[in-house]
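A short worksheet on the structure shown next.
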Amino acid sequence: MFGRRMVRFENVGMRYGPGPEVLRDLNFALEAGSFTFLTGPSGAGKTTLLKLMLLAEPPSRGLITLFGNDLAVTKKRDFPAIRRRIGVVFQDFRLLDHLSAFDNVALPLRLAGKRAEDYASDVIELLTWVGLGDRLEARPPTLSGGEQQRVAIARAVVARPDLLLADEPTGNVDSDIAQRLIRLFAELNRLGTTVMIATHDRSLIESTRAREMRLVDGRVVELRSARA
Amino acid sequence: MSEAKSNAKSGPKTSGRILPRERGAAPLDVVIAVMAFLAALALGASLLANRAALGWREGLEGKLTVQILPPARGDAAAALSRETGAVLKVLWNTDGIVHAGAISQRDEIALVKPWLGADALVSDLPLPQLIDASIRPGSDVDVAALTARVKAVAPDAVLDDHTHWIGRLKSLADTVVFSAYAILLLIAVATAAAVTFATRAGLQAHHEIVGLLHQMGAHSGFIARAFERHYAFSAFLAAAIGASLAALVFIAAGGLELVGLEPVPFLPPLSLAPKELLWLATVPLASGLIGWATARLSVLAALREIY
């Protein structure tokens with residue numbers, strides 16, 4: 001698995017409308033099966049970088065290659081298939097309030113065309129793992145911020161994506177739950193998923209041996225390799 | 001955990017709905033219902049006008065009326081009787097006339113009753129003698145030649161094949177029918193606009209869901225289907241309520257006639273037959289179709305604008 005590039009950025013720049021560039025001259029690659037923390041001060045461009053990787057925004061310049069697809073020449077009709085290979089934990093969770101925790105987590109599997117009887121046990125097992133086994137039918141508005149975050153994480157990982165992107169995934173949970181979630185990400189990574197997590201949490205970074213990519217003012221200023 | 005275990009066996013209740021269920025009727029649903037009510041009324045009115053026009057034409061086509069005026073001088077009754085007999089002979093001997101008969105004075109008084117009342121003075125009026133004749137369907141009776149033969153035996157007779165009257169009635173009926181169609185068209189356009197507006201407003205309210213599904217890799221068709229069903233059903237339901245109320249109005253109009261309220265002369269009954277009431281079902285069906293098409297086109301257009 002290692003050695004194959006899942007993500008590659010070449011001279012990528014990004015600006016919103018006529019504003020200044022928020023990302024500049026990004027050149028990096030994520031190898032298949034790698035685990036990377038994306039760090040940097042607020043406003044450094046971490047969320048924008050994740051948006052480019054999850055195909056929420058096109059870059060203003062440069063080339064992005066995802067799973068071997070050069071996005072500049074990939075047809076738009078092929079984007080949904082690429083997006084389904086990516087699991088995302090949004091900073092604001094983006095759960096559907098009218099669906100239960102179970103149905104929110106099951107959404108990627110429904111989009112992949114799976115039937116409820118085929119995925120029900122997997123969804124229940126995953127929600128139990130994140131500590132929400134007794135809140136399967138709870139709607140997001142009745143859950144605490146931390147619980148909503150765990151539902152969002154379960155939704156991101158349930159389809160075993162090739163690439164997992166998470167924006168501050170442990171921002172609303174206590175340290176025990178945070179460690180538990182990191183173990184979940186690590187387990188997924190062990191099974192082959194490439195993981196990138198944007199975080200400010202130094203203790204989280206220190207607790208793993210993952211590599212770290214540090215952004216400042218829209219540029220990668222440090223790329224620390226995974227520790228042995 | 002025990003609940004989780006039992007859920008793992010039976011599975012929790014799942015929702016097939018991607019979009020939230022609306023609570024109560026949105027203001028635009030009410031607008032759709034009102035527009036559908038008006039559209040169904042206009043449709044029903046056009047059906048009534050059509051039926052009336054057909055009835056008027058069928059009632060007069062194939063009929064001849066001979067009117068023999070009482071002579072101003074001499075023995076009017078004897079002259080009227082002699083001319084009536086002569087005209088009847090002419091009519092009975094004419095090819096294509098299947099029936100000819102003099103209308104009794106009592107029936108004539110009944111005919112003028114709606115306009116002149118049943119006053120005793122009416123019987124003193126010098127009413128003309130009317131002769132009613134029917135032409136065999138498909139027969140080509142030469143009305144001009146027949147008029148000449150009738151005039152020869154009864155100089156005071158006037159023959160009317162109702163061509164002029166039928167022409168005016170046809171013109172009136174066509175005006176009523178086309179007016180009803182024009183109103184129906186205007187209301188249909190307004191209904192379509194209301195459904196379109198309601199659908200677009202709903203899409204605007206749910207744009208975050210569209211964005212999320214798109215981000216998670218849902219195909220445009222999957223997202224569009226969720227909205228199509230939702231808005232087709234909403235528009236259908238609102239329009240069904242409006243059309244049902246209009247149907248009740250037509251049924252109630254039939255009820256007024258049943259309880260003895262006399263219909264206005266020359267105006268058709270205001271109630272619709274069961275078969276005609278079924279036409280009102282096209283209003284919610286059309287609204288549902290408009291909701292479906294608008295939702296689909298709007299969602300696909302919105303998705304085309306997203307990266």
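Ordering of the structure tokens sets the chain letters (A, B, ...); residue numbers start at 1 within each chain; ligands are numbered from 1 in the order shown.
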Can you tell me, as JSON, numbers by chain, what residues are no more than 7 Å from segment 81-83 of chain A when counting only C-alpha atoms, ignoring any on the same chain fewer than 5 positions away? {"A": [54], "B": [215, 216, 217]}
File dump, residues just selected, C-alpha atoms, as a JSON list (two decimals), in the first residue's frame:
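That gives us selection-v6.json:
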```json
[["chain", "number", "residue", "atom", "x", "y", "z"],
["A", 54, "LEU", "CA", -12.43, 16.84, -0.51],
["B", 215, "GLN", "CA", -20.15, 16.53, -0.92],
["B", 216, "MET", "CA", -20.66, 12.95, 0.19],
["B", 217, "GLY", "CA", -20.67, 11.76, -3.41]]
```
Do a neighbour search on Ala240 of chain B at 9 Å with only C-alpha atoms, toss out local chain neighbours closer than 5 positions, and write the hits as number ranges by chain. B: 33, 36-37, 235, 245, 281, 283-285, 287
With only C-alpha atoms as the counted atoms, please give the residues lying no more than 6 Å from segment 134-148 of chain B, apart from itself and same-chain residues fewer than 2 positions off, as a ChimeraX atom specification. /B:62-63,96-99,150-151
Against chain B, which residues of chain A fall within 9 Å? For each one I want the closest pair of atoms and the distance in Å (one decimal), counting only C-alpha atoms, rows by chain and increasing residue number, as JSON lines.
```
{"residue": "A:Leu54", "atom": "CA", "partner": "B:Gln215", "partner_atom": "CA", "distance": 7.7}
{"residue": "A:Leu55", "atom": "CA", "partner": "B:Tyr307", "partner_atom": "CA", "distance": 7.4}
{"residue": "A:Ala56", "atom": "CA", "partner": "B:Tyr307", "partner_atom": "CA", "distance": 6.4}
{"residue": "A:Glu57", "atom": "CA", "partner": "B:Tyr307", "partner_atom": "CA", "distance": 6.1}
{"residue": "A:Pro58", "atom": "CA", "partner": "B:Tyr307", "partner_atom": "CA", "distance": 6.8}
{"residue": "A:Lys76", "atom": "CA", "partner": "B:Tyr307", "partner_atom": "CA", "distance": 8.2}
{"residue": "A:Arg77", "atom": "CA", "partner": "B:His219", "partner_atom": "CA", "distance": 8.4}
{"residue": "A:Phe79", "atom": "CA", "partner": "B:Gly217", "partner_atom": "CA", "distance": 7.3}
{"residue": "A:Pro80", "atom": "CA", "partner": "B:Gly217", "partner_atom": "CA", "distance": 4.0}
{"residue": "A:Ala81", "atom": "CA", "partner": "B:Gly217", "partner_atom": "CA", "distance": 6.2}
{"residue": "A:Ile82", "atom": "CA", "partner": "B:Gly217", "partner_atom": "CA", "distance": 7.3}
{"residue": "A:Arg83", "atom": "CA", "partner": "B:Gly217", "partner_atom": "CA", "distance": 4.7}
{"residue": "A:Arg84", "atom": "CA", "partner": "B:Gly217", "partner_atom": "CA", "distance": 4.8}
{"residue": "A:Arg85", "atom": "CA", "partner": "B:Gly217", "partner_atom": "CA", "distance": 8.4}
{"residue": "A:Ile86", "atom": "CA", "partner": "B:Met216", "partner_atom": "CA", "distance": 7.9}
{"residue": "A:Gly87", "atom": "CA", "partner": "B:Met216", "partner_atom": "CA", "distance": 7.9}
{"residue": "A:Val88", "atom": "CA", "partner": "B:Met216", "partner_atom": "CA", "distance": 8.2}
{"residue": "A:Arg94", "atom": "CA", "partner": "B:Leu212", "partner_atom": "CA", "distance": 7.3}
{"residue": "A:Leu95", "atom": "CA", "partner": "B:Leu212", "partner_atom": "CA", "distance": 8.7}
{"residue": "A:Leu96", "atom": "CA", "partner": "B:Ile209", "partner_atom": "CA", "distance": 7.3}
{"residue": "A:Asp97", "atom": "CA", "partner": "B:Pro20", "partner_atom": "CA", "distance": 8.3}
{"residue": "A:His98", "atom": "CA", "partner": "B:Pro20", "partner_atom": "CA", "distance": 5.5}
{"residue": "A:Leu99", "atom": "CA", "partner": "B:Ser15", "partner_atom": "CA", "distance": 7.0}
{"residue": "A:Ser100", "atom": "CA", "partner": "B:Thr14", "partner_atom": "CA", "distance": 7.8}
{"residue": "A:Phe102", "atom": "CA", "partner": "B:Thr14", "partner_atom": "CA", "distance": 7.5}
{"residue": "A:Asp103", "atom": "CA", "partner": "B:Thr14", "partner_atom": "CA", "distance": 6.2}
{"residue": "A:Leu107", "atom": "CA", "partner": "B:Met216", "partner_atom": "CA", "distance": 8.7}
{"residue": "A:Pro108", "atom": "CA", "partner": "B:Met216", "partner_atom": "CA", "distance": 6.8}
{"residue": "A:Leu111", "atom": "CA", "partner": "B:Ala218", "partner_atom": "CA", "distance": 5.7}
{"residue": "A:Ala112", "atom": "CA", "partner": "B:Ala218", "partner_atom": "CA", "distance": 8.1}
{"residue": "A:Ala116", "atom": "CA", "partner": "B:Thr14", "partner_atom": "CA", "distance": 8.1}
{"residue": "A:Glu117", "atom": "CA", "partner": "B:Gly11", "partner_atom": "CA", "distance": 8.1}
{"residue": "A:Ala120", "atom": "CA", "partner": "B:Gly11", "partner_atom": "CA", "distance": 6.2}
{"residue": "A:Ser121", "atom": "CA", "partner": "B:Ala8", "partner_atom": "CA", "distance": 5.6}
{"residue": "A:Asp122", "atom": "CA", "partner": "B:Ala8", "partner_atom": "CA", "distance": 8.9}
{"residue": "A:Ile124", "atom": "CA", "partner": "B:Ala8", "partner_atom": "CA", "distance": 6.3}
{"residue": "A:Glu125", "atom": "CA", "partner": "B:Ala8", "partner_atom": "CA", "distance": 7.9}
{"residue": "A:Thr128", "atom": "CA", "partner": "B:Ala4", "partner_atom": "CA", "distance": 7.2}
{"residue": "A:Leu132", "atom": "CA", "partner": "B:Ala4", "partner_atom": "CA", "distance": 8.7}
{"residue": "A:Gly133", "atom": "CA", "partner": "B:Ala4", "partner_atom": "CA", "distance": 5.0}
{"residue": "A:Asp134", "atom": "CA", "partner": "B:Ala4", "partner_atom": "CA", "distance": 5.5}
{"residue": "A:Arg135", "atom": "CA", "partner": "B:Ala4", "partner_atom": "CA", "distance": 8.3}
{"residue": "A:Leu136", "atom": "CA", "partner": "B:Pro12", "partner_atom": "CA", "distance": 7.0}
{"residue": "A:Glu137", "atom": "CA", "partner": "B:Pro12", "partner_atom": "CA", "distance": 6.8}
```
Env of segment 52-56 of chain B: 12 Å cut, atoms = only C-alpha atoms, seq-sep filter 4 positions within chain, self excluded. Answer as an MDAnalysis selection string. chainID B and resid 45:48 60:61 162 165:178 265:272
Go ahead and dump the residues you just picked, C-alpha atoms, as a PDB file, in the first residue's frame.
```pdb
ATOM      1  CA  ALA B  45     -67.274  26.143 -15.680  1.00  0.00           C
ATOM      2  CA  SER B  46     -65.780  25.325 -19.075  1.00  0.00           C
ATOM      3  CA  LEU B  47     -67.288  21.816 -18.866  1.00  0.00           C
ATOM      4  CA  LEU B  48     -70.692  23.306 -17.984  1.00  0.00           C
ATOM      5  CA  LEU B  60     -82.840  23.064 -31.956  1.00  0.00           C
ATOM      6  CA  GLU B  61     -81.133  21.200 -34.770  1.00  0.00           C
ATOM      7  CA  HIS B 162     -83.828  28.193 -36.307  1.00  0.00           C
ATOM      8  CA  TRP B 165     -81.069  31.382 -33.580  1.00  0.00           C
ATOM      9  CA  ILE B 166     -78.738  28.362 -33.600  1.00  0.00           C
ATOM     10  CA  GLY B 167     -76.024  30.543 -35.124  1.00  0.00           C
ATOM     11  CA  ARG B 168     -76.397  33.128 -32.354  1.00  0.00           C
ATOM     12  CA  LEU B 169     -76.536  30.450 -29.663  1.00  0.00           C
ATOM     13  CA  LYS B 170     -73.461  28.772 -31.118  1.00  0.00           C
ATOM     14  CA  SER B 171     -71.670  32.093 -31.127  1.00  0.00           C
ATOM     15  CA  LEU B 172     -72.721  32.743 -27.510  1.00  0.00           C
ATOM     16  CA  ALA B 173     -71.750  29.227 -26.407  1.00  0.00           C
ATOM     17  CA  ASP B 174     -68.390  29.472 -28.166  1.00  0.00           C
ATOM     18  CA  THR B 175     -67.736  32.796 -26.440  1.00  0.00           C
ATOM     19  CA  VAL B 176     -68.592  31.313 -23.040  1.00  0.00           C
ATOM     20  CA  VAL B 177     -66.469  28.203 -23.664  1.00  0.00           C
ATOM     21  CA  PHE B 178     -63.453  30.120 -24.956  1.00  0.00           C
ATOM     22  CA  PRO B 265     -84.123  29.790 -17.863  1.00  0.00           C
ATOM     23  CA  PHE B 266     -81.536  29.112 -20.584  1.00  0.00           C
ATOM     24  CA  LEU B 267     -78.753  28.617 -18.016  1.00  0.00           C
ATOM     25  CA  PRO B 268     -77.537  25.027 -17.682  1.00  0.00           C
ATOM     26  CA  PRO B 269     -77.664  23.173 -14.336  1.00  0.00           C
ATOM     27  CA  LEU B 270     -74.625  24.194 -12.249  1.00  0.00           C
ATOM     28  CA  SER B 271     -73.853  20.681 -11.022  1.00  0.00           C
ATOM     29  CA  LEU B 272     -71.291  18.440 -12.690  1.00  0.00           C
TER      30      LEU B 272
END
```
Looking only at the backbone, which of the residues in chain A does DSSP tag as alpha helix (DSSP H), as a PyMOL selection string? chain A and resi 46-53+79-83+101-111+116-129+145-157+175-190+202-206
Write out as number ranges by chain which residues come within 10 Å of segment 22-24 of chain A when counting only C-alpha atoms, dropping same-chain ones fewer than 3 positions away. A: 11-16, 19, 27, 43-46, 48-49, 59-62, 215-220
The selected residues should be written to file as a PDB file, in the first residue's frame (atoms: N, CA and C atoms).
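Result saved to result_24.pdb:
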```
ATOM      1  N   ASN A  11       2.250  22.998  -6.963  1.00  0.00           N
ATOM      2  CA  ASN A  11       2.144  24.463  -7.145  1.00  0.00           C
ATOM      3  C   ASN A  11       0.706  24.966  -6.987  1.00  0.00           C
ATOM      4  N   VAL A  12       0.018  24.444  -6.011  1.00  0.00           N
ATOM      5  CA  VAL A  12      -1.395  24.807  -5.840  1.00  0.00           C
ATOM      6  C   VAL A  12      -1.533  26.122  -5.090  1.00  0.00           C
ATOM      7  N   GLY A  13      -2.375  26.988  -5.635  1.00  0.00           N
ATOM      8  CA  GLY A  13      -2.712  28.237  -4.963  1.00  0.00           C
ATOM      9  C   GLY A  13      -4.215  28.356  -4.887  1.00  0.00           C
ATOM     10  N   MET A  14      -4.716  29.096  -3.902  1.00  0.00           N
ATOM     11  CA  MET A  14      -6.164  29.213  -3.739  1.00  0.00           C
ATOM     12  C   MET A  14      -6.514  30.606  -3.233  1.00  0.00           C
ATOM     13  N   ARG A  15      -7.442  31.232  -3.910  1.00  0.00           N
ATOM     14  CA  ARG A  15      -7.984  32.509  -3.442  1.00  0.00           C
ATOM     15  C   ARG A  15      -9.494  32.445  -3.595  1.00  0.00           C
ATOM     16  N   TYR A  16     -10.207  33.148  -2.721  1.00  0.00           N
ATOM     17  CA  TYR A  16     -11.663  33.242  -2.832  1.00  0.00           C
ATOM     18  C   TYR A  16     -12.005  34.539  -3.554  1.00  0.00           C
ATOM     19  N   GLY A  19     -10.043  38.153  -3.725  1.00  0.00           N
ATOM     20  CA  GLY A  19      -9.239  38.358  -2.522  1.00  0.00           C
ATOM     21  C   GLY A  19      -7.804  37.834  -2.670  1.00  0.00           C
ATOM     22  N   ASN A  27       3.130  22.220  -2.391  1.00  0.00           N
ATOM     23  CA  ASN A  27       3.695  21.052  -3.063  1.00  0.00           C
ATOM     24  C   ASN A  27       3.877  19.965  -2.017  1.00  0.00           C
ATOM     25  N   GLY A  43      -6.507  30.555  10.773  1.00  0.00           N
ATOM     26  CA  GLY A  43      -6.379  31.399   9.596  1.00  0.00           C
ATOM     27  C   GLY A  43      -5.213  31.027   8.709  1.00  0.00           C
ATOM     28  N   ALA A  44      -4.530  29.944   9.043  1.00  0.00           N
ATOM     29  CA  ALA A  44      -3.364  29.553   8.240  1.00  0.00           C
ATOM     30  C   ALA A  44      -3.783  28.916   6.923  1.00  0.00           C
ATOM     31  N   GLY A  45      -5.042  28.463   6.845  1.00  0.00           N
ATOM     32  CA  GLY A  45      -5.517  27.847   5.597  1.00  0.00           C
ATOM     33  C   GLY A  45      -5.787  26.358   5.713  1.00  0.00           C
ATOM     34  N   LYS A  46      -5.834  25.842   6.949  1.00  0.00           N
ATOM     35  CA  LYS A  46      -6.017  24.386   7.119  1.00  0.00           C
ATOM     36  C   LYS A  46      -7.361  23.932   6.529  1.00  0.00           C
ATOM     37  N   THR A  48      -9.243  25.419   4.337  1.00  0.00           N
ATOM     38  CA  THR A  48      -9.266  25.585   2.876  1.00  0.00           C
ATOM     39  C   THR A  48      -8.515  24.441   2.194  1.00  0.00           C
ATOM     40  N   LEU A  49      -7.394  24.051   2.787  1.00  0.00           N
ATOM     41  CA  LEU A  49      -6.630  22.942   2.214  1.00  0.00           C
ATOM     42  C   LEU A  49      -7.480  21.662   2.210  1.00  0.00           C
ATOM     43  N   PRO A  59      -9.036  24.551  -7.089  1.00  0.00           N
ATOM     44  CA  PRO A  59      -7.908  25.455  -6.789  1.00  0.00           C
ATOM     45  C   PRO A  59      -7.894  26.617  -7.786  1.00  0.00           C
ATOM     46  N   SER A  60      -7.301  27.729  -7.386  1.00  0.00           N
ATOM     47  CA  SER A  60      -7.170  28.863  -8.308  1.00  0.00           C
ATOM     48  C   SER A  60      -6.062  28.589  -9.320  1.00  0.00           C
ATOM     49  N   ARG A  61      -5.068  27.833  -8.883  1.00  0.00           N
ATOM     50  CA  ARG A  61      -3.982  27.458  -9.802  1.00  0.00           C
ATOM     51  C   ARG A  61      -3.315  26.192  -9.308  1.00  0.00           C
ATOM     52  N   GLY A  62      -2.522  25.586 -10.164  1.00  0.00           N
ATOM     53  CA  GLY A  62      -1.811  24.377  -9.783  1.00  0.00           C
ATOM     54  C   GLY A  62      -2.600  23.112 -10.096  1.00  0.00           C
ATOM     55  N   LEU A 215       1.144  24.487   8.479  1.00  0.00           N
ATOM     56  CA  LEU A 215       0.835  25.587   7.553  1.00  0.00           C
ATOM     57  C   LEU A 215       0.923  26.919   8.286  1.00  0.00           C
ATOM     58  N   VAL A 216       1.551  27.894   7.655  1.00  0.00           N
ATOM     59  CA  VAL A 216       1.536  29.259   8.189  1.00  0.00           C
ATOM     60  C   VAL A 216       1.343  30.194   7.004  1.00  0.00           C
ATOM     61  N   ASP A 217       0.367  31.064   7.117  1.00  0.00           N
ATOM     62  CA  ASP A 217       0.066  32.022   6.049  1.00  0.00           C
ATOM     63  C   ASP A 217      -0.085  31.347   4.686  1.00  0.00           C
ATOM     64  N   GLY A 218      -0.728  30.211   4.670  1.00  0.00           N
ATOM     65  CA  GLY A 218      -1.039  29.566   3.397  1.00  0.00           C
ATOM     66  C   GLY A 218       0.106  28.792   2.783  1.00  0.00           C
ATOM     67  N   ARG A 219       1.212  28.664   3.482  1.00  0.00           N
ATOM     68  CA  ARG A 219       2.343  27.903   2.945  1.00  0.00           C
ATOM     69  C   ARG A 219       2.711  26.779   3.898  1.00  0.00           C
ATOM     70  N   VAL A 220       3.221  25.679   3.340  1.00  0.00           N
ATOM     71  CA  VAL A 220       3.715  24.587   4.178  1.00  0.00           C
ATOM     72  C   VAL A 220       5.105  25.000   4.659  1.00  0.00           C
TER      73      VAL A 220
END
```
Going by DSSP on the backbone, which residues of segment 115-201 of chain B come out as strand (DSSP E)? List them as a PyMOL selection string. chain B and resi 129-135+157-160
List the neighbours of segment 70-78 of chain B out to 12 Å using only C-alpha atoms; skip same-chain residues closer than 5 positions along the sequence, and give me the result as a PDB file with C-alpha atoms, in the first residue's frame.
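File produced: selection20.pdb:
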```pdb
ATOM      1  CA  GLU B  83    -104.413  27.987 -42.345  1.00  0.00           C
ATOM      2  CA  THR B  84    -103.198  25.607 -39.622  1.00  0.00           C
ATOM      3  CA  GLY B  85    -104.852  22.657 -41.337  1.00  0.00           C
ATOM      4  CA  LEU B 125    -103.675  37.793 -25.879  1.00  0.00           C
ATOM      5  CA  PRO B 126    -103.800  37.083 -29.621  1.00  0.00           C
ATOM      6  CA  LEU B 127    -101.203  34.328 -29.517  1.00  0.00           C
ATOM      7  CA  PRO B 128    -100.033  32.957 -32.859  1.00  0.00           C
ATOM      8  CA  GLN B 129    -100.635  29.312 -33.681  1.00  0.00           C
ATOM      9  CA  LEU B 130     -97.380  27.363 -33.451  1.00  0.00           C
ATOM     10  CA  ALA B 154    -101.161  30.377 -45.400  1.00  0.00           C
ATOM     11  CA  PRO B 155    -100.115  33.941 -46.206  1.00  0.00           C
ATOM     12  CA  ASP B 156     -99.915  34.766 -42.472  1.00  0.00           C
ATOM     13  CA  ALA B 157     -97.435  31.955 -41.720  1.00  0.00           C
ATOM     14  CA  VAL B 158     -93.746  32.380 -40.947  1.00  0.00           C
TER      15      VAL B 158
END
```
Could you tell me how far atom CA of Val299 of chain B sits from atom CA of Arg229 of chain B, in Å to one decimal place?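 Between atom CA of Arg229 of chain B and atom CA of Val299 of chain B the gap works out to 12.3 Å.
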Can you measure atom CA of Val221 of chain A to atom CA of Phe37 of chain A for me? One decimal in Å is fine.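 Result for atom CA of Val221 of chain A versus atom CA of Phe37 of chain A: 13.6 Å, one decimal.
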Contacts of Phe233 of chain B at 8 Å (only C-alpha atoms; same-chain gap of 3+ positions) as a PDB file with N, CA and C atoms, in the first residue's frame:
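Dumped to part06.pdb:
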```pdb
ATOM      1  N   ARG B 229     -39.740  13.825  -5.429  1.00  0.00           N
ATOM      2  CA  ARG B 229     -40.824  13.132  -4.712  1.00  0.00           C
ATOM      3  C   ARG B 229     -41.465  14.072  -3.701  1.00  0.00           C
ATOM      4  N   HIS B 230     -40.609  14.760  -2.961  1.00  0.00           N
ATOM      5  CA  HIS B 230     -41.084  15.639  -1.896  1.00  0.00           C
ATOM      6  C   HIS B 230     -42.008  16.722  -2.459  1.00  0.00           C
ATOM      7  N   PHE B 236     -49.095  18.140  -5.161  1.00  0.00           N
ATOM      8  CA  PHE B 236     -50.276  17.308  -5.433  1.00  0.00           C
ATOM      9  C   PHE B 236     -51.270  17.417  -4.275  1.00  0.00           C
ATOM     10  N   LEU B 237     -50.730  17.315  -3.052  1.00  0.00           N
ATOM     11  CA  LEU B 237     -51.600  17.320  -1.864  1.00  0.00           C
ATOM     12  C   LEU B 237     -52.327  18.663  -1.729  1.00  0.00           C
ATOM     13  N   GLY B 288     -48.896  18.327  -9.378  1.00  0.00           N
ATOM     14  CA  GLY B 288     -47.839  17.386  -8.962  1.00  0.00           C
ATOM     15  C   GLY B 288     -46.764  17.278 -10.026  1.00  0.00           C
ATOM     16  N   GLY B 291     -44.681  20.401  -9.964  1.00  0.00           N
ATOM     17  CA  GLY B 291     -43.783  20.349  -8.803  1.00  0.00           C
ATOM     18  C   GLY B 291     -42.608  19.420  -9.066  1.00  0.00           C
TER      19      GLY B 291
END
```
What is the distance between atom CA of Ala186 of chain A and atom CA of Lys114 of chain A, in Å to one decimal?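 Computing it gives 25.6 Å between the two atoms.
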Best match for closeness to Trp92 of chain B among B:Gly44, B:Ile131, B:Phe250, B:Thr282, counting only C-alpha atoms: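 For Trp92 of chain B, the nearest of the candidates is B:Ile131.
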